[in-house]
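**Student:** Quick one, final_21.pdb (PDB, C-alpha atoms):
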```
ATOM      1  CA  MET X   1      18.965   5.659 -20.746
ATOM      2  CA  ILE X   2      21.934   3.495 -19.767
ATOM      3  CA  GLN X   3      21.228  -0.211 -20.056
ATOM      4  CA  THR X   4      22.524  -2.603 -17.418
ATOM      5  CA  THR X   5      24.800  -5.417 -18.485
ATOM      6  CA  GLN X   6      22.974  -7.972 -16.363
ATOM      7  CA  LEU X   7      19.498  -7.747 -14.906
ATOM      8  CA  THR X   8      19.238  -8.780 -11.276
ATOM      9  CA  ARG X   9      15.678  -8.631  -9.957
ATOM     10  CA  PHE X  10      15.071  -6.510  -6.888
ATOM     11  CA  VAL X  11      12.259  -5.399  -4.600
ATOM     12  CA  VAL X  12      12.209  -2.218  -2.511
ATOM     13  CA  ALA X  13      10.258  -3.202   0.590
ATOM     14  CA  GLY X  14       9.210  -1.024   3.500
ATOM     15  CA  CYS X  15       6.276   0.697   5.122
ATOM     16  CA  SER X  16       4.017   2.978   3.134
ATOM     17  CA  ARG X  17       4.987   6.656   3.499
ATOM     18  CA  SER X  18       8.664   5.607   3.569
ATOM     19  CA  GLY X  19       9.868   6.933   0.229
ATOM     20  CA  THR X  20       9.199   3.966  -2.059
ATOM     21  CA  THR X  21       7.989   6.297  -4.840
ATOM     22  CA  TYR X  22      11.188   8.318  -4.466
ATOM     23  CA  MET X  23      13.346   5.201  -4.681
ATOM     24  CA  ALA X  24      11.501   3.868  -7.734
ATOM     25  CA  LYS X  25      12.104   7.171  -9.545
ATOM     26  CA  LEU X  26      15.742   7.307  -8.459
ATOM     27  CA  LEU X  27      16.617   3.828  -9.708
ATOM     28  CA  SER X  28      14.608   4.202 -12.908
ATOM     29  CA  ALA X  29      16.393   7.467 -13.713
ATOM     30  CA  LEU X  30      19.680   5.577 -13.498
ATOM     31  CA  GLY X  31      18.482   2.943 -15.966
ATOM     32  CA  PHE X  32      17.408   0.278 -13.471
ATOM     33  CA  LEU X  33      13.703   0.235 -14.237
ATOM     34  CA  CYS X  34      11.685   0.057 -11.052
ATOM     35  CA  GLY X  35       7.929   0.201 -10.912
ATOM     36  CA  HIS X  36       6.014   1.648  -7.996
ATOM     37  CA  GLU X  37       3.458  -0.954  -6.947
ATOM     38  CA  ARG X  38       3.401  -2.261 -10.519
ATOM     39  CA  ILE X  39       3.859  -5.874  -9.418
ATOM     40  CA  PHE X  40       2.764  -5.745  -5.792
ATOM     41  CA  ASN X  41      -0.426  -3.700  -5.887
ATOM     42  CA  ILE X  42      -3.828  -4.174  -4.336
ATOM     43  CA  TRP X  43      -5.535  -4.843  -7.688
ATOM     44  CA  ARG X  44      -3.369  -7.894  -8.345
ATOM     45  CA  ILE X  45      -3.477  -9.002  -4.714
ATOM     46  CA  ALA X  46      -7.255  -8.711  -4.335
ATOM     47  CA  GLY X  47      -8.058 -10.022  -7.818
ATOM     48  CA  ILE X  48      -9.559  -6.734  -9.010
ATOM     49  CA  GLY X  49      -9.787  -6.536 -12.785
ATOM     50  CA  ASN X  50      -8.184  -8.775 -15.364
ATOM     51  CA  LEU X  51      -4.710  -8.810 -13.843
ATOM     52  CA  SER X  52      -2.433 -11.706 -12.976
ATOM     53  CA  GLU X  53      -1.533 -12.121  -9.327
ATOM     54  CA  PRO X  54       1.786 -10.621  -8.150
ATOM     55  CA  MET X  55       4.042 -13.669  -8.216
ATOM     56  CA  THR X  56       2.746 -14.633 -11.662
ATOM     57  CA  PHE X  57       3.335 -11.158 -13.070
ATOM     58  CA  PHE X  58       6.783 -11.055 -11.457
ATOM     59  CA  PHE X  59       7.982 -13.514 -14.124
ATOM     60  CA  GLU X  60       6.126 -11.986 -17.072
ATOM     61  CA  LYS X  61       7.984  -9.997 -19.725
ATOM     62  CA  ASP X  62       6.145  -6.759 -18.920
ATOM     63  CA  ALA X  63       7.427  -6.743 -15.341
ATOM     64  CA  LYS X  64      10.266  -4.304 -14.748
ATOM     65  CA  GLN X  65      13.594  -5.191 -13.187
ATOM     66  CA  GLY X  66      12.390  -3.997  -9.807
ATOM     67  CA  ASP X  67       9.285  -3.025  -7.882
ATOM     68  CA  ALA X  68       8.934  -0.705  -4.888
ATOM     69  CA  SER X  69       5.930  -1.487  -2.730
ATOM     70  CA  PHE X  70       4.877  -1.724   0.906
ATOM     71  CA  LEU X  71       2.562  -4.543  -0.197
ATOM     72  CA  SER X  72       5.528  -6.709  -1.221
ATOM     73  CA  ILE X  73       6.544  -7.699   2.293
ATOM     74  CA  PRO X  74       4.320 -10.792   2.745
ATOM     75  CA  TYR X  75       5.629 -12.058  -0.609
ATOM     76  CA  LEU X  76       9.351 -11.791   0.106
ATOM     77  CA  ASP X  77       9.687 -15.474   0.989
ATOM     78  CA  GLN X  78       8.227 -16.353  -2.434
ATOM     79  CA  LEU X  79      10.805 -14.401  -4.432
ATOM     80  CA  PRO X  80      13.161 -16.433  -6.624
ATOM     81  CA  GLN X  81      16.649 -17.201  -5.418
ATOM     82  CA  GLY X  82      19.074 -14.365  -5.989
ATOM     83  CA  THR X  83      16.503 -11.561  -5.727
ATOM     84  CA  ILE X  84      17.761  -8.437  -3.982
ATOM     85  CA  VAL X  85      15.561  -7.201  -1.125
ATOM     86  CA  LEU X  86      16.142  -3.529  -0.379
ATOM     87  CA  HIS X  87      14.530  -2.970   3.009
ATOM     88  CA  GLN X  88      13.965   0.774   3.093
ATOM     89  CA  ILE X  89      13.225   2.300   6.485
ATOM     90  CA  ARG X  90      12.234   5.792   7.548
ATOM     91  CA  ASN X  91      12.189   7.526  10.914
ATOM     92  CA  PRO X  92       9.177   6.103  12.775
ATOM     93  CA  LEU X  93       7.916   9.499  13.910
ATOM     94  CA  GLU X  94       7.756  10.684  10.299
ATOM     95  CA  VAL X  95       5.957   7.513   9.211
ATOM     96  CA  ILE X  96       3.483   7.814  12.079
ATOM     97  CA  ARG X  97       2.843  11.512  11.373
ATOM     98  CA  SER X  98       2.261  10.753   7.698
ATOM     99  CA  HIS X  99      -0.214   7.957   8.387
ATOM    100  CA  MET X 100      -2.070  10.030  10.960
ATOM    101  CA  GLY X 101      -2.179  12.915   8.475
ATOM    102  CA  ILE X 102      -3.967  10.887   5.807
ATOM    103  CA  ARG X 103      -6.046   8.878   8.332
ATOM    104  CA  PHE X 104      -4.640   5.630   6.964
ATOM    105  CA  PHE X 105      -5.706   3.585   9.981
ATOM    106  CA  SER X 106      -8.859   5.457  10.973
ATOM    107  CA  ASP X 107     -11.742   3.339  12.214
ATOM    108  CA  PRO X 108     -14.236   3.663  10.709
ATOM    109  CA  TYR X 109     -12.519   4.139   7.372
ATOM    110  CA  VAL X 110     -12.758   7.714   6.073
ATOM    111  CA  PRO X 111     -12.601   7.975   2.235
ATOM    112  CA  SER X 112     -10.039  10.519   1.070
ATOM    113  CA  ILE X 113      -8.296  11.741  -2.071
ATOM    114  CA  TYR X 114      -5.091  10.638  -0.349
ATOM    115  CA  LEU X 115      -6.203   7.014  -0.033
ATOM    116  CA  ALA X 116      -6.867   4.467  -2.774
ATOM    117  CA  ASN X 117     -10.482   3.665  -3.541
ATOM    118  CA  GLU X 118      -9.484   0.112  -2.641
ATOM    119  CA  HIS X 119      -8.200   1.138   0.801
ATOM    120  CA  PRO X 120     -10.606  -1.252   2.575
ATOM    121  CA  GLU X 121      -8.965  -4.089   0.633
ATOM    122  CA  ILE X 122      -5.555  -2.856   1.788
ATOM    123  CA  LEU X 123      -6.739  -2.959   5.393
ATOM    124  CA  ALA X 124      -8.053  -6.473   4.807
ATOM    125  CA  PHE X 125      -4.597  -7.388   3.472
ATOM    126  CA  PHE X 126      -3.044  -6.221   6.742
ATOM    127  CA  ARG X 127      -5.681  -8.124   8.695
ATOM    128  CA  THR X 128      -4.697 -11.305   6.857
ATOM    129  CA  HIS X 129      -0.921 -10.983   7.089
ATOM    130  CA  CYS X 130      -0.420  -9.042  10.323
ATOM    131  CA  PRO X 131      -3.642  -8.910  12.360
ATOM    132  CA  GLU X 132      -1.849  -7.394  15.365
ATOM    133  CA  ILE X 133      -1.748  -4.031  13.581
ATOM    134  CA  LEU X 134      -5.517  -3.590  13.469
ATOM    135  CA  GLU X 135      -6.143  -5.046  16.924
ATOM    136  CA  SER X 136      -5.124  -1.815  18.651
ATOM    137  CA  ASP X 137      -8.081   0.192  19.962
ATOM    138  CA  THR X 138      -6.672   3.542  18.841
ATOM    139  CA  GLU X 139      -5.623   5.054  15.515
ATOM    140  CA  ILE X 140      -2.235   6.134  16.873
ATOM    141  CA  GLY X 141      -1.751   2.670  18.315
ATOM    142  CA  ARG X 142      -2.388   1.104  14.913
ATOM    143  CA  CYS X 143       0.154   3.467  13.341
ATOM    144  CA  MET X 144       2.801   2.513  15.903
ATOM    145  CA  ARG X 145       2.087  -1.179  15.508
ATOM    146  CA  TYR X 146       2.271  -0.883  11.739
ATOM    147  CA  TRP X 147       5.752   0.643  11.709
ATOM    148  CA  TYR X 148       7.024  -1.955  14.163
ATOM    149  CA  HIS X 149       5.415  -5.142  12.832
ATOM    150  CA  TRP X 150       5.677  -4.397   9.102
ATOM    151  CA  ASN X 151       9.406  -3.723   9.389
ATOM    152  CA  ARG X 152       9.925  -6.818  11.490
ATOM    153  CA  LEU X 153       8.173  -8.865   8.796
ATOM    154  CA  ALA X 154      10.528  -7.390   6.201
ATOM    155  CA  GLU X 155      13.505  -8.384   8.335
ATOM    156  CA  ARG X 156      12.695 -12.053   7.741
ATOM    157  CA  ALA X 157      14.285 -11.710   4.308
ATOM    158  CA  GLU X 158      17.651 -11.212   6.029
ATOM    159  CA  SER X 159      17.665 -14.811   7.256
ATOM    160  CA  ASN X 160      16.524 -16.273   3.914
ATOM    161  CA  PRO X 161      19.655 -17.768   2.323
ATOM    162  CA  GLY X 162      18.183 -17.449  -1.164
ATOM    163  CA  LEU X 163      17.806 -13.666  -0.968
ATOM    164  CA  ASN X 164      20.322 -10.832  -0.803
ATOM    165  CA  TYR X 165      19.112  -8.386   1.844
ATOM    166  CA  LEU X 166      20.140  -4.808   2.529
ATOM    167  CA  ARG X 167      18.514  -2.483   5.051
ATOM    168  CA  TYR X 168      19.133   1.257   4.915
ATOM    169  CA  ARG X 169      17.695   4.551   6.155
ATOM    170  CA  VAL X 170      16.151   6.490   3.286
ATOM    171  CA  GLU X 171      17.057   9.801   4.934
ATOM    172  CA  GLU X 172      20.728   8.974   4.408
ATOM    173  CA  MET X 173      20.500   8.310   0.667
ATOM    174  CA  ASP X 174      23.672   9.702  -0.906
ATOM    175  CA  THR X 175      26.197   8.647  -3.532
ATOM    176  CA  ARG X 176      27.839   6.153  -1.177
ATOM    177  CA  MET X 177      24.569   4.433  -0.269
ATOM    178  CA  LEU X 178      23.285   4.524  -3.819
ATOM    179  CA  SER X 179      26.547   3.003  -5.082
ATOM    180  CA  GLN X 180      26.170   0.176  -2.569
ATOM    181  CA  ILE X 181      22.644  -0.527  -3.796
ATOM    182  CA  LEU X 182      23.682  -0.450  -7.450
ATOM    183  CA  SER X 183      26.515  -2.873  -6.756
ATOM    184  CA  LEU X 184      23.896  -5.409  -5.695
ATOM    185  CA  ILE X 185      21.534  -5.039  -8.646
ATOM    186  CA  SER X 186      24.009  -4.675 -11.496
ATOM    187  CA  GLU X 187      27.474  -5.349 -12.746
ATOM    188  CA  PRO X 188      29.559  -2.147 -12.838
ATOM    189  CA  VAL X 189      28.220   0.364 -15.355
ATOM    190  CA  ASN X 190      30.240   3.372 -16.495
ATOM    191  CA  GLY X 191      28.750   6.804 -17.031
ATOM    192  CA  LEU X 192      26.254   6.961 -14.157
ATOM    193  CA  ASP X 193      26.015  10.478 -12.732
ATOM    194  CA  LEU X 194      24.740   9.698  -9.243
ATOM    195  CA  ASP X 195      25.052  13.251  -7.953
ATOM    196  CA  HIS X 196      22.972  14.622 -10.818
ATOM    197  CA  VAL X 197      20.147  12.133 -10.263
ATOM    198  CA  LEU X 198      20.176  12.606  -6.492
ATOM    199  CA  ASN X 199      19.904  16.366  -6.974
ATOM    200  CA  ALA X 200      17.234  16.094  -9.670
ATOM    201  CA  ILE X 201      14.778  13.891  -7.755
ATOM    202  CA  SER X 202      13.312  15.375  -4.612
ATOM    203  CA  LYS X 203      13.009  13.335  -1.441
ATOM    204  CA  SER X 204       9.651  15.027  -0.933
ATOM    205  CA  THR X 205       8.224  13.136  -3.927
ATOM    206  CA  ASN X 206       4.642  12.006  -3.241
ATOM    207  CA  THR X 207       4.257  14.247  -0.181
ATOM    208  CA  ARG X 208       0.924  14.007   1.646
ATOM    209  CA  PRO X 209      -0.650  15.806   4.649
ATOM    210  CA  ARG X 210       1.060  15.109   7.963
ATOM    211  CA  ASP X 211      -0.021  15.398  11.553
ATOM    212  CA  ASN X 212       3.048  17.010  13.105
ATOM    213  CA  SER X 213       1.473  17.210  16.539
ATOM    214  CA  TRP X 214       2.911  13.784  17.379
ATOM    215  CA  SER X 215       6.275  13.556  19.139
ATOM    216  CA  TRP X 216       8.158  11.033  21.223
ATOM    217  CA  ASP X 217       6.806  12.787  24.312
ATOM    218  CA  ASN X 218       3.110  12.441  23.486
ATOM    219  CA  LEU X 219       3.025   9.011  21.879
ATOM    220  CA  PRO X 220       0.935   6.916  24.292
ATOM    221  CA  SER X 221       3.039   5.004  26.787
ATOM    222  CA  GLY X 222       2.870   1.231  26.794
ATOM    223  CA  GLU X 223       4.101  -1.833  24.965
ATOM    224  CA  ASP X 224       3.541  -0.411  21.483
ATOM    225  CA  LYS X 225       5.641   2.681  22.172
ATOM    226  CA  ASP X 226       8.302   0.577  23.895
ATOM    227  CA  ARG X 227       8.591  -1.647  20.837
ATOM    228  CA  VAL X 228       8.866   1.330  18.494
ATOM    229  CA  LEU X 229      11.572   2.854  20.697
ATOM    230  CA  GLU X 230      13.480  -0.436  20.844
ATOM    231  CA  LEU X 231      13.436  -0.928  17.071
ATOM    232  CA  SER X 232      14.268   2.743  16.485
ATOM    233  CA  ARG X 233      17.423   2.280  18.543
ATOM    234  CA  ALA X 234      18.309  -0.886  16.639
ATOM    235  CA  TYR X 235      17.891   0.976  13.344
ATOM    236  CA  GLY X 236      20.022   3.903  14.509
ATOM    237  CA  TYR X 237      17.348   6.542  14.874
ATOM    238  CA  LEU X 238      17.853   7.056  18.617
TER     239      LEU X 238
END
```
Can you present the structure in this file as structure tokens?
**Tutor:**
Amino acid sequence: MIQTTQLTRFVVAGCSRSGTTYMAKLLSALGFLCGHERIFNIWRIAGIGNLSEPMTFFFEKDAKQGDASFLSIPYLDQLPQGTIVLHQIRNPLEVIRSHMGIRFFSDPYVPSIYLANEHPEILAFFRTHCPEILESDTEIGRCMRYWYHWNRLAERAESNPGLNYLRYRVEEMDTRMLSQILSLISEPVNGLDLDHVLNAISKSTNTRPRDNSWSWDNLPSGEDKDRVLELSRAYGYL
């Protein structure tokens, strides 16, 4: 494993089902150790077990250089100055299909092998930090609201002068994009074979069931869909 010459802390922030596991594996394979929900996980957040809370563990020696987690977003304004925030986005239709496929926002909650045993605590976390998501009367409405509001919350890091923010589409991860990310989290390091790592780690890492019946045409019309369309255009998906 190639060691970096200077460790700059970073957080990969985005919606669940947006490739955070993939990104954690990609960066770790290049020598920039990145946990997946190691710092920002529901056990630390909800006080389950004998674990320190996220922003305490962030500074402990066992914390890795980076963490990739959808649960990190409400904590971005607490990150120390100089932290890199990698706002990873994915096509909203794919995120919505993935969440519908695993019944992430079903009401009532349906236990599943694809959801954490602590999923009710995750929903409570959303209710605390972004209640608008769960106020929709329909499951598809909650999925649309989630993609819109959770990404907008992540965008707040862009206006924080103490953080270094980069937003990118995970579908377009290539050597150019990866080089740009690495330039933020490390001084130049020789000997990194970006093409090899990109080819070795599949973008389908952590694949789950999807409900592919959803399309732009059959998403329910209304304010939620309009907001998703507007942000999709701003992000370059439409």
**Student:** Which protein, DNA or RNA residues are at most 10 Å from (14.5, 12.4, -4.4) in the file's coordinates when you count all atoms listed in the file, listed as a VMD selection string?
**Tutor:** chain X and resid 19 21 to 26 170 173 197 to 206
**Student:** Can you list every residue of stretch 111-180 of chain X that has an atom at most 8 Å from stretch 214-231 of chain X, with its nearest atom pair and the distance in Å to one decimal, using all atoms listed in the file, ordered by chain then number, as a tab-separated table?
**Tutor:**
```
residue	atom	partner	partner_atom	distance
X:Ile140	CA	X:Leu219	CA	7.8
X:Gly141	CA	X:Asp224	CA	6.9
X:Met144	CA	X:Asp224	CA	6.3
X:Arg145	CA	X:Asp224	CA	6.2
X:Trp147	CA	X:Val228	CA	7.5
X:Tyr148	CA	X:Val228	CA	5.7
```
**Student:** From the set X:Leu7, X:Glu118, X:Thr128, X:Ile133, which residue has the shortest atom-to-atom contact distance to X:Gly47, counting only C-alpha atoms?
**Tutor:**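 Residue with the minimum atom-to-atom distance to X:Gly47: X:Glu118.
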**Student:** Apply the PyMOL selection byres ((chain X and resi 210) around 12) to the displayed file and report the matching residues as number ranges by chain.
**Tutor:** X: 17, 93-104, 114, 207-209, 211-214
**Student:** Have a look at X:Glu187, X:Glu60, X:Glu132, X:Glu172 and name the one nearest to X:Gln88; count only C-alpha atoms.
**Tutor:**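 That would be X:Glu172, the residue with the smallest distance to X:Gln88.
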**Student:** Would you kindly translate the PyMOL selection byres ((chain X and resi 35) around 7) into the concrete residues it picks from this file, as a list of chain:residue names?
**Tutor:**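 Selected by the PyMOL selection byres ((chain X and resi 35) around 7) in this file: X:Ala24, X:Leu33, X:Cys34, X:His36, X:Glu37, X:Arg38, X:Lys64, X:Gly66, X:Asp67, X:Ala68.
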**Student:** So the first atom is atom CA of X:Trp43 and the second is atom CA of X:Glu121; what is the distance between them in Å, to one decimal place?
**Tutor:**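 For atom CA of X:Trp43 relative to atom CA of X:Glu121, the distance reads 9.0 Å.
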**Student:** Would you mind reading off the distance between atom CA of X:Tyr168 and atom CA of X:Ala234, one decimal, in Å?
**Tutor:** 11.9 Å
